[in-house]
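The structure appears right after this line, and notes come after that.
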Amino acid sequence: MSALLAAIERFYDAVPRRRADAEAHGPLTLFVRRCDGWPYYARPTLGHADPVSVEDVAAMRARQRELSFPESFEWVLETTPGLDAAAEAAGLHVRRCPLLVLFGEPVHVAVPADVSLALVTPDDPDLLAVQAVAYVAFGALDTAAGPAGPAERDATAAALPAGHTTSWHTSLVDGTMVHAAARGRAAALPGPLCVGSYQHAQEIAEIVGVGTLPAARRRGLAAAVTAVLARHALDAGNRTVFLSAQNDDVARVYERVGFRRVATACIAEPPEQA
């Protein structure tokens, strides 16, 4: 298992370097984006054996504020033990999320008859709506079903930041990310309802951003999107497919597809950001 976590750690270090410059600050590295799009986080410096102190976290937070970046840190608890305590002592809120790896072949999950599921292409006419699904899904306070649906998705699509939209489209064109979407055909729930993606490097793929509109939840869409992405990642030559779940309840969705918990992914942010 240590070899697997070491490989995942190298993946975490490699992926941001495609669009960001790495600033090493002792035991922590900040990835500074080169263009518009999602700002990156700070992570433990690859190969740095010294523990991370409260002072290290405070210094990195100061650098993130200087750059007007979110004060965000991500790491694997089992790989960098003690960082959670240092982050909390520095005033951050730490979320501990199940990290799961696919063992064997992904289990196929059928979608309802009124839903289609396919990979997203760069010329997809619904690109903005597809991207907006994730904003609405992760903007909900929990993973329960709710009223937010196509109307909220379309309103969000109309207001998406141009930089984020361009970055997302670029990832489709250059193949650095693969996206999938489940779309409704019924009048009550039309268009993109659930989306997900995977990023890949060094024969490892991480499934990220799987989200369902609250109005379309409890229909198995997240599991179906995850299964399609996992299947595609393996067929593309990736040997390891993994993901992080928001909590134990969400982890059970992925376990249906064949994922098993192997570690704990941590995210630290100021309480007002969390």
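By convention in this document, the chains of the structure tokens carry letters A, B, ... by their order, each chain's residues are numbered from 1, and ligands are numbered from 1 in the order they are shown.
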
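With only C-alpha atoms taken into account, the protein and nucleic acid residues at most 9 Å from Glu55 of chain A (excluding it and anything under 3 positions from it in its own chain) are Val52, Ala58, Ala59, Met60, Ala86 and Ala90 of chain A.
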
Exercise. Hey, what does DSSP flag as alpha helix (DSSP H) within segment 25-123 of chain A? Can you give it to me as JSON, numbers by chain?
Worked result: {"A": [54, 55, 56, 57, 58, 59, 60, 61, 62, 63, 64, 65, 66, 83, 84, 85, 86, 87, 88, 89]}

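Every protein, DNA or RNA residue with an atom at most 12 Å from Arg95 of chain A, where only C-alpha atoms count and chain neighbours fewer than 6 positions away do not, is listed here: Ser72, Phe73, Glu74, Trp75, Val76, Leu77, Asp84, Ala85, Ala87, Glu88, Ser244, Ala245, Gln246, Asn247, Thr264, Ala265, Cys266, Ile267, Ala268, Glu269, Pro270, Pro271, Gln273 and Ala274 of chain A.
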
Could the residues of segment 35-141 of chain A that have an atom at most 10 Å from segment 186-192 of chain A be listed as CSV, each with its closest atom pair and the distance in Å to one decimal, counting only C-alpha atoms and ordered by chain and ascending residue number?
```
residue,atom,partner,partner_atom,distance
A:Ala113,CA,A:Ala186,CA,9.7
A:Asp114,CA,A:Ala186,CA,6.0
A:Val115,CA,A:Ala186,CA,8.0
A:Ser116,CA,A:Pro192,CA,9.3
A:Leu117,CA,A:Pro192,CA,9.4
A:Asp126,CA,A:Pro192,CA,7.7
A:Leu127,CA,A:Pro192,CA,9.3
A:Leu128,CA,A:Pro192,CA,9.9
A:Ala129,CA,A:Pro192,CA,6.5
A:Val130,CA,A:Pro192,CA,5.6
A:Gln131,CA,A:Pro192,CA,9.0
A:Ala132,CA,A:Pro192,CA,9.0
A:Val133,CA,A:Pro192,CA,7.0
```

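Distance-wise, atom CA of Ser197 of chain A and atom CA of Ala148 of chain A end up 21.5 Å apart.
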
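Counting from atom CA of Tyr198 of chain A, the distance to atom CA of Thr226 of chain A is 9.3 Å.
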
Problem set entry | Non-local contacts of Ala134 of chain A (7 Å; only C-alpha atoms; under 5 positions in same chain excluded) as a list in words | Val195, Gly209 and Gly211 of chain A

Restricting the output to all heavy atoms, write the selected residues as a PDB file, in the first residue's frame.
```
ATOM      1  N   VAL A 195     -22.491  15.340 -13.852  1.00  0.00           N
ATOM      2  CA  VAL A 195     -21.234  15.417 -14.594  1.00  0.00           C
ATOM      3  C   VAL A 195     -20.094  14.869 -13.747  1.00  0.00           C
ATOM      4  O   VAL A 195     -20.217  14.724 -12.526  1.00  0.00           O
ATOM      5  CB  VAL A 195     -20.918  16.870 -15.009  1.00  0.00           C
ATOM      6  CG1 VAL A 195     -22.013  17.442 -15.875  1.00  0.00           C
ATOM      7  CG2 VAL A 195     -20.684  17.750 -13.773  1.00  0.00           C
ATOM      8  N   GLY A 209     -14.803  15.923  -9.401  1.00  0.00           N
ATOM      9  CA  GLY A 209     -15.941  16.756  -9.778  1.00  0.00           C
ATOM     10  C   GLY A 209     -17.204  16.025 -10.157  1.00  0.00           C
ATOM     11  O   GLY A 209     -17.990  16.531 -10.964  1.00  0.00           O
ATOM     12  N   GLY A 211     -20.764  15.398  -9.742  1.00  0.00           N
ATOM     13  CA  GLY A 211     -21.842  16.110  -9.056  1.00  0.00           C
ATOM     14  C   GLY A 211     -23.146  15.999  -9.798  1.00  0.00           C
ATOM     15  O   GLY A 211     -23.177  15.965 -11.041  1.00  0.00           O
TER      16      GLY A 211
END
```

Exercise. What does the distance between atom CA of Ala145 of chain A and atom CA of Asp249 of chain A come to in Å, to one decimal place?
Worked result: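 Computed distance, atom CA of Ala145 of chain A to atom CA of Asp249 of chain A, equals 13.7 Å.
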
For this session: Please provide the set of residues having any atom within 12 Å of Ala49 of chain A, restricted to only C-alpha atoms, with same-chain residues fewer than 6 positions apart removed, written as an MDAnalysis selection string.
Result: chainID A and resid 26:28 79:81

Take the residues just selected and output them with all heavy atoms as a short mmCIF file (atom, residue, chain, number, x, y, z; two decimals), in the first residue's frame.
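After the write, out-v3.cif holds the following:
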```cif
data_model
loop_
_atom_site.label_atom_id
_atom_site.label_comp_id
_atom_site.auth_asym_id
_atom_site.auth_seq_id
_atom_site.Cartn_x
_atom_site.Cartn_y
_atom_site.Cartn_z
N GLY A 26 10.06 25.21 1.65
CA GLY A 26 10.40 24.18 2.63
C GLY A 26 9.52 22.96 2.45
O GLY A 26 9.45 22.38 1.36
N PRO A 27 8.80 22.56 3.51
CA PRO A 27 8.01 21.34 3.42
C PRO A 27 6.69 21.50 2.66
O PRO A 27 5.96 20.53 2.50
CB PRO A 27 7.73 21.01 4.89
CG PRO A 27 7.73 22.34 5.57
CD PRO A 27 8.78 23.15 4.85
N LEU A 28 6.39 22.71 2.18
CA LEU A 28 5.15 22.94 1.45
C LEU A 28 5.45 23.55 0.08
O LEU A 28 6.40 24.33 -0.07
CB LEU A 28 4.22 23.88 2.23
CG LEU A 28 3.64 23.33 3.53
CD1 LEU A 28 2.93 24.44 4.30
CD2 LEU A 28 2.68 22.18 3.26
N THR A 79 0.32 9.84 4.26
CA THR A 79 1.61 10.19 3.67
C THR A 79 2.29 11.32 4.43
O THR A 79 3.52 11.34 4.56
CB THR A 79 1.42 10.61 2.20
OG1 THR A 79 0.76 9.55 1.49
CG2 THR A 79 2.75 10.88 1.52
N THR A 80 1.49 12.26 4.92
CA THR A 80 2.04 13.41 5.66
C THR A 80 1.33 13.52 7.01
O THR A 80 0.52 14.41 7.24
CB THR A 80 1.87 14.72 4.86
OG1 THR A 80 2.30 14.51 3.51
CG2 THR A 80 2.69 15.84 5.47
N PRO A 81 1.61 12.58 7.93
CA PRO A 81 0.96 12.64 9.24
C PRO A 81 1.43 13.88 10.01
O PRO A 81 2.57 14.32 9.88
CB PRO A 81 1.44 11.35 9.92
CG PRO A 81 2.72 11.02 9.23
CD PRO A 81 2.56 11.47 7.82
#
```

Problem set entry | All strand (DSSP E or B) positions in segment 2-236 of chain A, as a PyMOL selection string | chain A and resi 20-25+28-33+42-44+73-76+93-102+115-119+177-185+190-201+204-212

For this session: Select, from A:Pro112, A:Gly175, A:Ile8, A:Arg34, the residue with the minimum atom-to-atom distance to Ala20 of chain A, counting only C-alpha atoms.
Result: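 Between A:Pro112, A:Gly175, A:Ile8, A:Arg34, the residue approaching Ala20 of chain A most closely is A:Arg34.
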
List the neighbours of Val253 of chain A out to 9 Å using only C-alpha atoms; skip same-chain residues closer than 5 positions along the sequence, and give me the result as an mmCIF file with N, CA and C atoms, in the first residue's frame.
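This is the output file around21.cif:
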```cif
data_model
loop_
_atom_site.group_PDB
_atom_site.id
_atom_site.type_symbol
_atom_site.label_atom_id
_atom_site.label_comp_id
_atom_site.auth_asym_id
_atom_site.auth_seq_id
_atom_site.Cartn_x
_atom_site.Cartn_y
_atom_site.Cartn_z
ATOM 1 N N GLY A 220 -29.046 7.176 -9.108
ATOM 2 C CA GLY A 220 -27.875 6.403 -9.499
ATOM 3 C C GLY A 220 -27.002 7.060 -10.541
ATOM 4 N N ALA A 222 -24.669 9.526 -10.297
ATOM 5 C CA ALA A 222 -23.267 9.725 -9.921
ATOM 6 C C ALA A 222 -22.483 8.420 -10.059
ATOM 7 N N ALA A 223 -23.077 7.316 -9.635
ATOM 8 C CA ALA A 223 -22.393 6.027 -9.773
ATOM 9 C C ALA A 223 -22.201 5.670 -11.242
#
```

Problem set entry | Residues near Thr212 of chain A, cut-off 6 Å, only C-alpha atoms, skip fewer than 5 positions along chain, as a list in words |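 Near neighbours after the sequence-gap exclusion: Ala137, Leu193 and Cys194 of chain A.
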
Exercise. Of the candidates A:Arg19, A:Arg239, A:Arg231, A:His179, which one gets nearest to Val210 of chain A if we count only C-alpha atoms?
Worked result: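 Comparing A:Arg19, A:Arg239, A:Arg231, A:His179 against Val210 of chain A, the winner is A:His179.
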
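Closest approach to Phe259 of chain A among A:Tyr135, A:Tyr41, A:Phe103, A:Phe31: A:Phe103, based on only C-alpha atoms.
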
For this session: Would you please work out which residue, of A:Pro51, A:Gly196, A:Gly82, A:Gly91, is nearest to Ala118 of chain A when using only C-alpha atoms?
Result: A:Gly196

Problem set entry | Among the residues A:Val32, A:Ala263, A:Val250, A:Leu119, the one that comes closest to Arg18 of chain A [using only C-alpha atoms] | A:Val32

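Considering the residues A:Gly258, A:Leu83, A:Thr170, A:Val136 and counting only C-alpha atoms, Asp123 of chain A has its shortest atom-to-atom contact with A:Thr170.
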